[in-house]
>>> print(open('my_file-v7.cif').read())   # mmCIF, C-alpha atoms
data_input
loop_
_atom_site.group_PDB
_atom_site.id
_atom_site.type_symbol
_atom_site.label_atom_id
_atom_site.label_comp_id
_atom_site.auth_asym_id
_atom_site.auth_seq_id
_atom_site.Cartn_x
_atom_site.Cartn_y
_atom_site.Cartn_z
ATOM 1 C CA MET A 1 -11.385 -16.138 10.917
ATOM 2 C CA GLU A 2 -13.880 -15.758 8.083
ATOM 3 C CA ASP A 3 -11.100 -14.598 5.752
ATOM 4 C CA LEU A 4 -9.058 -17.634 6.696
ATOM 5 C CA PHE A 5 -12.000 -19.896 5.848
ATOM 6 C CA ARG A 6 -12.488 -18.178 2.480
ATOM 7 C CA ASP A 7 -8.800 -18.720 1.618
ATOM 8 C CA PHE A 8 -8.554 -22.320 2.784
ATOM 9 C CA TRP A 9 -12.057 -23.843 2.481
ATOM 10 C CA TRP A 10 -10.694 -26.423 0.027
ATOM 11 C CA LEU A 11 -8.591 -27.875 2.869
ATOM 12 C CA LEU A 12 -11.854 -29.341 4.191
ATOM 13 C CA PHE A 13 -11.708 -31.927 1.395
ATOM 14 C CA PRO A 14 -8.313 -33.507 2.134
ATOM 15 C CA ILE A 15 -9.040 -33.281 5.879
ATOM 16 C CA GLY A 16 -12.469 -34.872 5.366
ATOM 17 C CA TRP A 17 -10.876 -37.605 3.276
ATOM 18 C CA MET A 18 -8.286 -38.276 5.989
ATOM 19 C CA LEU A 19 -10.986 -38.466 8.660
ATOM 20 C CA ALA A 20 -12.992 -40.849 6.472
ATOM 21 C CA ALA A 21 -9.939 -43.071 5.920
ATOM 22 C CA ALA A 22 -9.201 -43.091 9.653
ATOM 23 C CA TRP A 23 -12.828 -43.957 10.492
ATOM 24 C CA SER A 24 -12.922 -46.719 7.916
ATOM 25 C CA GLY A 25 -9.592 -48.110 9.171
ATOM 26 C CA PHE A 26 -10.806 -48.024 12.763
ATOM 27 C CA LEU A 27 -13.960 -49.987 11.899
ATOM 28 C CA ARG A 28 -11.994 -52.469 9.783
ATOM 29 C CA ASP A 29 -9.659 -53.075 12.726
ATOM 30 C CA ARG A 30 -12.612 -53.637 15.077
ATOM 31 C CA ARG A 31 -14.200 -56.020 12.595
ATOM 32 C CA GLN A 32 -11.013 -58.059 12.272
ATOM 33 C CA ARG A 33 -10.544 -58.156 16.041
ATOM 34 C CA ASP A 34 -14.107 -59.408 16.518
ATOM 35 C CA ALA A 35 -13.558 -62.162 13.951
ATOM 36 C CA GLU A 36 -10.226 -63.076 15.571
ATOM 37 C CA LYS A 37 -11.843 -63.301 18.999
ATOM 38 C CA LEU A 38 -14.430 -65.702 17.646
ATOM 39 C CA ILE A 39 -11.694 -67.809 16.011
ATOM 40 C CA PHE A 40 -9.953 -68.077 19.394
ATOM 41 C CA ALA A 41 -13.255 -69.101 20.979
ATOM 42 C CA TYR A 42 -13.588 -71.891 18.381
ATOM 43 C CA ARG A 43 -10.002 -73.029 18.964
ATOM 44 C CA GLU A 44 -10.432 -73.054 22.755
ATOM 45 C CA LYS A 45 -13.313 -75.466 22.344
ATOM 46 C CA GLY A 46 -11.198 -77.604 20.042
ATOM 47 C CA GLN A 47 -13.443 -76.844 17.067
ATOM 48 C CA GLU A 48 -12.286 -75.824 13.610
ATOM 49 C CA PRO A 49 -13.413 -72.250 12.813
ATOM 50 C CA PRO A 50 -15.272 -71.848 9.480
ATOM 51 C CA ALA A 51 -13.126 -70.767 6.513
ATOM 52 C CA GLU A 52 -15.298 -67.669 6.000
ATOM 53 C CA LEU A 53 -14.457 -66.487 9.503
ATOM 54 C CA ILE A 54 -10.732 -66.912 8.900
ATOM 55 C CA ARG A 55 -11.068 -64.945 5.692
ATOM 56 C CA ALA A 56 -12.879 -62.161 7.566
ATOM 57 C CA ALA A 57 -10.072 -61.962 10.129
ATOM 58 C CA TYR A 58 -7.002 -62.381 7.953
ATOM 59 C CA GLY A 59 -8.035 -61.094 4.542
ATOM 60 C CA LYS A 60 -9.156 -62.545 1.259
ATOM 61 C CA GLU A 61 -6.180 -64.859 0.818
ATOM 62 C CA GLY A 62 -6.572 -66.334 4.292
ATOM 63 C CA MET B 1 -21.882 -15.651 9.042
ATOM 64 C CA GLU B 2 -24.875 -15.414 6.716
ATOM 65 C CA ASP B 3 -22.526 -14.255 3.951
ATOM 66 C CA LEU B 4 -20.321 -17.239 4.558
ATOM 67 C CA PHE B 5 -23.309 -19.578 4.300
ATOM 68 C CA ARG B 6 -24.447 -17.905 1.076
ATOM 69 C CA SER B 7 -20.979 -18.406 -0.420
ATOM 70 C CA TYR B 8 -20.437 -21.971 0.728
ATOM 71 C CA TRP B 9 -23.901 -23.574 1.044
ATOM 72 C CA TRP B 10 -22.945 -26.131 -1.624
ATOM 73 C CA LEU B 11 -20.333 -27.551 0.774
ATOM 74 C CA LEU B 12 -23.312 -29.104 2.597
ATOM 75 C CA PHE B 13 -23.606 -31.623 -0.260
ATOM 76 C CA PRO B 14 -20.110 -33.142 -0.128
ATOM 77 C CA PHE B 15 -20.197 -33.063 3.681
ATOM 78 C CA GLY B 16 -23.627 -34.587 3.823
ATOM 79 C CA TRP B 17 -22.221 -37.342 1.645
ATOM 80 C CA PHE B 18 -19.218 -37.802 3.966
ATOM 81 C CA VAL B 19 -21.494 -38.045 6.998
ATOM 82 C CA ALA B 20 -23.827 -40.484 5.224
ATOM 83 C CA MET B 21 -20.914 -42.729 4.211
ATOM 84 C CA GLY B 22 -19.542 -42.645 7.759
ATOM 85 C CA PHE B 23 -22.953 -43.635 9.103
ATOM 86 C CA GLN B 24 -23.262 -46.379 6.498
ATOM 87 C CA SER B 25 -19.877 -47.750 7.613
ATOM 88 C CA LEU B 26 -21.026 -47.781 11.217
ATOM 89 C CA ILE B 27 -24.210 -49.631 10.294
ATOM 90 C CA ASN B 28 -22.207 -52.171 8.269
ATOM 91 C CA TYR B 29 -19.891 -52.695 11.220
ATOM 92 C CA ARG B 30 -22.812 -53.291 13.597
ATOM 93 C CA ARG B 31 -24.382 -55.735 11.169
ATOM 94 C CA HIS B 32 -21.079 -57.614 10.945
ATOM 95 C CA ARG B 33 -20.831 -57.709 14.754
ATOM 96 C CA ASP B 34 -24.363 -59.042 15.043
ATOM 97 C CA THR B 35 -23.581 -61.754 12.478
ATOM 98 C CA LEU B 36 -20.532 -62.806 14.502
ATOM 99 C CA ASP B 37 -22.642 -62.824 17.697
ATOM 100 C CA LEU B 38 -25.089 -65.150 16.042
ATOM 101 C CA LEU B 39 -22.255 -67.368 14.811
ATOM 102 C CA LYS B 40 -20.902 -67.468 18.363
ATOM 103 C CA ARG B 41 -24.275 -68.656 19.613
ATOM 104 C CA TYR B 42 -24.272 -71.465 17.067
ATOM 105 C CA ALA B 43 -20.721 -72.384 18.134
ATOM 106 C CA ASP B 44 -21.708 -72.330 21.835
ATOM 107 C CA SER B 45 -24.646 -74.631 21.257
ATOM 108 C CA GLY B 46 -22.479 -76.959 19.161
ATOM 109 C CA LYS B 47 -24.722 -76.623 16.114
ATOM 110 C CA GLU B 48 -23.468 -76.212 12.563
ATOM 111 C CA PRO B 49 -24.169 -72.593 11.426
ATOM 112 C CA PRO B 50 -26.175 -72.220 8.191
ATOM 113 C CA ALA B 51 -24.100 -71.627 5.049
ATOM 114 C CA GLU B 52 -25.990 -68.417 4.371
ATOM 115 C CA LEU B 53 -24.812 -66.971 7.704
ATOM 116 C CA LEU B 54 -21.204 -67.821 6.885
ATOM 117 C CA ARG B 55 -21.532 -66.208 3.474
ATOM 118 C CA ALA B 56 -22.955 -63.088 5.117
ATOM 119 C CA ILE B 57 -19.686 -62.470 7.030
ATOM 120 C CA ASN B 58 -17.681 -61.696 3.937
ATOM 121 C CA ARG B 59 -20.562 -60.156 2.037
ATOM 122 C CA GLN B 60 -20.530 -57.388 4.645
ATOM 123 C CA GLU B 61 -16.792 -56.893 4.090
ATOM 124 C CA ASP B 62 -17.541 -56.348 0.413
ATOM 125 C CA LEU B 63 -20.367 -53.946 1.243
ATOM 126 C CA GLU B 64 -17.996 -51.903 3.373
ATOM 127 C CA ALA B 65 -15.382 -51.827 0.630
ATOM 128 C CA GLU B 66 -18.023 -50.617 -1.779
ATOM 129 C CA VAL B 67 -18.961 -47.708 0.509
ATOM 130 C CA TRP B 68 -15.451 -46.229 0.274
ATOM 131 C CA GLY B 69 -14.362 -47.951 -2.944
ATOM 132 C CA ALA B 70 -11.005 -48.476 -1.292
ATOM 133 C CA ASP B 71 -9.973 -52.090 -1.683
ATOM 134 C CA SER B 72 -8.716 -54.098 -4.603
ATOM 135 C CA GLU B 73 -11.844 -56.243 -4.752
ATOM 136 C CA SER B 74 -14.119 -53.287 -5.482
ATOM 137 C CA ARG B 75 -11.571 -51.846 -7.917
ATOM 138 C CA ARG B 76 -11.619 -55.147 -9.772
ATOM 139 C CA HIS B 77 -15.412 -55.006 -9.673
ATOM 140 C CA ARG B 78 -15.363 -51.520 -11.173
ATOM 141 C CA ARG B 79 -12.911 -52.560 -13.878
ATOM 142 C CA ASP B 80 -15.071 -55.506 -14.854
ATOM 143 C CA SER B 81 -18.279 -53.498 -14.842
ATOM 144 C CA SER B 82 -20.176 -52.884 -18.072
ATOM 145 C CA TRP B 83 -19.053 -49.205 -18.259
ATOM 146 C CA PRO B 84 -16.113 -49.463 -20.704
ATOM 147 C CA TRP B 85 -12.966 -47.378 -20.172
ATOM 148 C CA PRO B 86 -13.149 -45.652 -23.589
ATOM 149 C CA ALA B 87 -16.442 -44.139 -22.362
ATOM 150 C CA ASN B 88 -14.511 -42.480 -19.516
ATOM 151 C CA VAL B 89 -11.914 -41.190 -21.973
ATOM 152 C CA VAL B 90 -14.644 -39.708 -24.175
ATOM 153 C CA LEU B 91 -16.457 -38.255 -21.138
ATOM 154 C CA PHE B 92 -13.372 -36.486 -19.781
ATOM 155 C CA LEU B 93 -12.220 -35.347 -23.245
ATOM 156 C CA GLY B 94 -15.694 -33.870 -23.717
ATOM 157 C CA LEU B 95 -15.582 -32.117 -20.358
ATOM 158 C CA GLY B 96 -12.064 -30.882 -21.134
ATOM 159 C CA ALA B 97 -13.246 -29.492 -24.475
ATOM 160 C CA ALA B 98 -16.234 -27.790 -22.795
ATOM 161 C CA PHE B 99 -14.000 -26.173 -20.157
ATOM 162 C CA TRP B 100 -11.494 -25.160 -22.821
ATOM 163 C CA TYR B 101 -14.316 -23.452 -24.748
ATOM 164 C CA ALA B 102 -15.450 -21.738 -21.525
ATOM 165 C CA SER B 103 -11.905 -20.475 -20.974
ATOM 166 C CA TYR B 104 -11.580 -19.366 -24.626
ATOM 167 C CA GLU B 105 -14.831 -17.386 -24.379
ATOM 168 C CA ASP B 106 -13.881 -16.186 -20.871
ATOM 169 C CA PHE B 107 -17.208 -17.237 -19.272
ATOM 170 C CA TYR B 108 -18.017 -15.267 -16.079
ATOM 171 C CA GLY B 109 -14.617 -13.553 -16.476
ATOM 172 C CA ALA B 110 -13.013 -16.711 -15.067
ATOM 173 C CA GLY B 111 -11.020 -17.762 -18.131
ATOM 174 C CA GLU B 112 -7.921 -18.902 -16.210
ATOM 175 C CA ALA B 113 -9.909 -21.093 -13.818
ATOM 176 C CA PHE B 114 -11.571 -22.793 -16.796
ATOM 177 C CA THR B 115 -8.140 -23.369 -18.372
ATOM 178 C CA ILE B 116 -6.997 -25.212 -15.224
ATOM 179 C CA ALA B 117 -10.229 -27.251 -15.207
ATOM 180 C CA SER B 118 -9.749 -28.208 -18.870
ATOM 181 C CA ILE B 119 -6.136 -29.301 -18.194
ATOM 182 C CA VAL B 120 -7.316 -31.445 -15.258
ATOM 183 C CA MET B 121 -9.999 -33.070 -17.442
ATOM 184 C CA ALA B 122 -7.450 -33.762 -20.214
ATOM 185 C CA VAL B 123 -5.048 -35.346 -17.714
ATOM 186 C CA LEU B 124 -7.892 -37.526 -16.362
ATOM 187 C CA ALA B 125 -8.798 -38.599 -19.914
ATOM 188 C CA VAL B 126 -5.165 -39.595 -20.594
ATOM 189 C CA SER B 127 -5.000 -41.403 -17.247
ATOM 190 C CA PHE B 128 -8.179 -43.404 -18.017
ATOM 191 C CA ALA B 129 -6.807 -44.272 -21.471
ATOM 192 C CA VAL B 130 -3.448 -45.454 -20.073
ATOM 193 C CA SER B 131 -5.010 -47.430 -17.209
ATOM 194 C CA GLY B 132 -7.595 -48.946 -19.601
ATOM 195 C CA ILE B 133 -4.949 -50.063 -22.092
ATOM 196 C CA PHE B 134 -2.611 -51.499 -19.451
ATOM 197 C CA SER B 135 -5.249 -53.247 -17.353
ATOM 198 C CA ARG B 136 -6.562 -54.934 -20.487
ATOM 199 C CA ARG B 137 -3.030 -56.044 -21.365
ATOM 200 C CA ASN B 138 -2.436 -57.456 -17.869
ATOM 201 C CA ARG B 139 -5.699 -59.348 -17.760
ATOM 202 C CA PRO B 140 -5.138 -63.115 -17.955
#
>>> encode(input="my_file-v7.cif", output="structure tokens")
Amino acid sequence: MEDLFRDFWWLLFPIGWMLAAAWSGFLRDRRQRDAEKLIFAYREKGQEPPAELIRAAYGKEG
Amino acid sequence: MEDLFRSYWWLLFPFGWFVAMGFQSLINYRRHRDTLDLLKRYADSGKEPPAELLRAINRQEDLEAEVWGADSESRRHRRDSSWPWPANVVLFLGLGAAFWYASYEDFYGAGEAFTIASIVMAVLAVSFAVSGIFSRRNRP
């Protein structure tokens, strides 16, 4: 086991990077969902959601 | 186990950094959620939310992008920063030259490893030069 670690310790970097990308993607998805939910809440009340909120949900270009 | 720690203690630094960035992302997410909660309260009470609160929504997006440096906005920010690309070329050429010298003198008996490092540095220098030249050409 220790030998295996000594041979392949560098694999921790790509794996760590993948985990970081997955974590960041997961949080981005949650953030967009939250913004989307709030947009729906605005629409249900017949109000226009703020432009900043739309940008947060659907990206920089809107 | 102790041997393993003695050999790889420095791995604590990159992994500490990974953990810190992950935590920072989580904090940014929670801040964003709290901002949206507050916005929802304004919407529920029928009041107009303050402009500063609306600006904060997307400022947090930018903060998050800066943590990982992953999106085009932060790349653009980096490209426009005051650190000019020729400085990167000089930096990596210098590192490449230092590693090449280390390989030539066979420091620590690890000449071949230093050769690989110097090649990597040279490739990075060329890559910074090419990307610097082309991004300048594409700029409106």
>>> interface_residues(input="my_file-v7.cif", of="chain B", to="chain A", cutoff="7 Å", atoms="all atoms listed in the file", output="list in words")
Gly22, Tyr29, Lys40, Leu54, Arg55, Ile57 and Asn58 of chain B
>>> write_last_selection(input="my_file-v7.cif", atoms="C-alpha atoms", output="compact mmCIF listing (two decimals), in the frame of the given file")
# COMPACT_ATOMS: atom_id res chain seq x y z
CA GLY B 22 -19.54 -42.64 7.76
CA TYR B 29 -19.89 -52.70 11.22
CA LYS B 40 -20.90 -67.47 18.36
CA LEU B 54 -21.20 -67.82 6.88
CA ARG B 55 -21.53 -66.21 3.47
CA ILE B 57 -19.69 -62.47 7.03
CA ASN B 58 -17.68 -61.70 3.94
>>> atom_distance(input="my_file-v7.cif", atom1="atom CA of B:Ala97", atom2="atom CA of B:Gly109")
17.9 Å
>>> atom_distance(input="my_file-v7.cif", atom1="atom CA of B:Ser118", atom2="atom CA of B:Ala98")
7.6 Å
>>> atom_distance(input="my_file-v7.cif", atom1="atom CA of B:Phe99", atom2="atom CA of A:Phe8")
23.9 Å
>>> axis_aligned_box(input="my_file-v7.cif", around="stretch 90-104 of chain B", padding_each_side="3 Å", output="lines of an AutoDock Vina configuration file")
center_x = -14.0
center_y = -29.5
center_z = -22.3
size_x = 11.0
size_y = 26.3
size_z = 11.0
>>> residues_around(input="my_file-v7.cif", residues="A:Gly46", least_positions_apart="6", cutoff="12 Å", atoms="only C-alpha atoms", output="number ranges by chain")
A: 39-40; B: 43-44, 46
>>> closest_residue(input="my_file-v7.cif", among="A:Leu4, A:Ala22, A:Ile54, A:Ile15", to="B:Phe15", atoms="only C-alpha atoms")
A:Ile15
>>> closest_residue(input="my_file-v7.cif", among="B:Phe92, B:Phe18, B:Tyr104, B:Phe134", to="A:Met18", atoms="all atoms listed in the file")
B:Phe18
>>> residues_around(input="my_file-v7.cif", residues="B:Val89", least_positions_apart="4", cutoff="9 Å", atoms="only C-alpha atoms", output="MDAnalysis selection string")
chainID B and resid 85 93:94 122 124:129
>>> build_atoms(input="my_file-v7.cif", residues="stretch 99-116 of chain B", atoms="N, CA and C atoms", output="mmCIF file, in the coordinates of the input")
data_model
loop_
_atom_site.group_PDB
_atom_site.id
_atom_site.type_symbol
_atom_site.label_atom_id
_atom_site.label_comp_id
_atom_site.auth_asym_id
_atom_site.auth_seq_id
_atom_site.Cartn_x
_atom_site.Cartn_y
_atom_site.Cartn_z
ATOM 1 N N PHE B 99 -14.696 -27.143 -21.019
ATOM 2 C CA PHE B 99 -14.000 -26.173 -20.157
ATOM 3 C C PHE B 99 -13.035 -25.307 -20.967
ATOM 4 N N TRP B 100 -12.416 -25.939 -21.987
ATOM 5 C CA TRP B 100 -11.494 -25.160 -22.821
ATOM 6 C C TRP B 100 -12.281 -24.074 -23.571
ATOM 7 N N TYR B 101 -13.472 -24.433 -24.058
ATOM 8 C CA TYR B 101 -14.316 -23.452 -24.748
ATOM 9 C C TYR B 101 -14.708 -22.335 -23.788
ATOM 10 N N ALA B 102 -15.059 -22.733 -22.531
ATOM 11 C CA ALA B 102 -15.450 -21.738 -21.525
ATOM 12 C C ALA B 102 -14.285 -20.790 -21.240
ATOM 13 N N SER B 103 -13.056 -21.341 -21.246
ATOM 14 C CA SER B 103 -11.905 -20.475 -20.974
ATOM 15 C C SER B 103 -11.618 -19.575 -22.176
ATOM 16 N N TYR B 104 -11.821 -20.130 -23.387
ATOM 17 C CA TYR B 104 -11.580 -19.366 -24.626
ATOM 18 C C TYR B 104 -12.547 -18.182 -24.719
ATOM 19 N N GLU B 105 -13.808 -18.439 -24.327
ATOM 20 C CA GLU B 105 -14.831 -17.386 -24.379
ATOM 21 C C GLU B 105 -14.843 -16.538 -23.114
ATOM 22 N N ASP B 106 -13.993 -16.909 -22.143
ATOM 23 C CA ASP B 106 -13.881 -16.186 -20.871
ATOM 24 C C ASP B 106 -15.239 -16.068 -20.154
ATOM 25 N N PHE B 107 -15.916 -17.217 -19.984
ATOM 26 C CA PHE B 107 -17.208 -17.237 -19.272
ATOM 27 C C PHE B 107 -17.040 -16.681 -17.863
ATOM 28 N N TYR B 108 -17.987 -15.873 -17.423
ATOM 29 C CA TYR B 108 -18.017 -15.267 -16.079
ATOM 30 C C TYR B 108 -16.711 -14.541 -15.745
ATOM 31 N N GLY B 109 -15.905 -14.201 -16.728
ATOM 32 C CA GLY B 109 -14.617 -13.553 -16.476
ATOM 33 C C GLY B 109 -13.639 -14.446 -15.734
ATOM 34 N N ALA B 110 -13.863 -15.775 -15.809
ATOM 35 C CA ALA B 110 -13.013 -16.711 -15.067
ATOM 36 C C ALA B 110 -12.246 -17.614 -16.025
ATOM 37 N N GLY B 111 -11.699 -16.994 -17.095
ATOM 38 C CA GLY B 111 -11.020 -17.762 -18.131
ATOM 39 C C GLY B 111 -9.916 -18.664 -17.610
ATOM 40 N N GLU B 112 -9.073 -18.121 -16.699
ATOM 41 C CA GLU B 112 -7.921 -18.902 -16.210
ATOM 42 C C GLU B 112 -8.364 -20.129 -15.430
ATOM 43 N N ALA B 113 -9.404 -19.958 -14.611
ATOM 44 C CA ALA B 113 -9.909 -21.093 -13.818
ATOM 45 C C ALA B 113 -10.401 -22.195 -14.755
ATOM 46 N N PHE B 114 -11.078 -21.790 -15.843
ATOM 47 C CA PHE B 114 -11.571 -22.793 -16.796
ATOM 48 C C PHE B 114 -10.415 -23.495 -17.514
ATOM 49 N N THR B 115 -9.308 -22.737 -17.747
ATOM 50 C CA THR B 115 -8.140 -23.369 -18.372
ATOM 51 C C THR B 115 -7.618 -24.491 -17.483
ATOM 52 N N ILE B 116 -7.489 -24.193 -16.170
ATOM 53 C CA ILE B 116 -6.997 -25.212 -15.224
ATOM 54 C C ILE B 116 -7.928 -26.421 -15.238
#
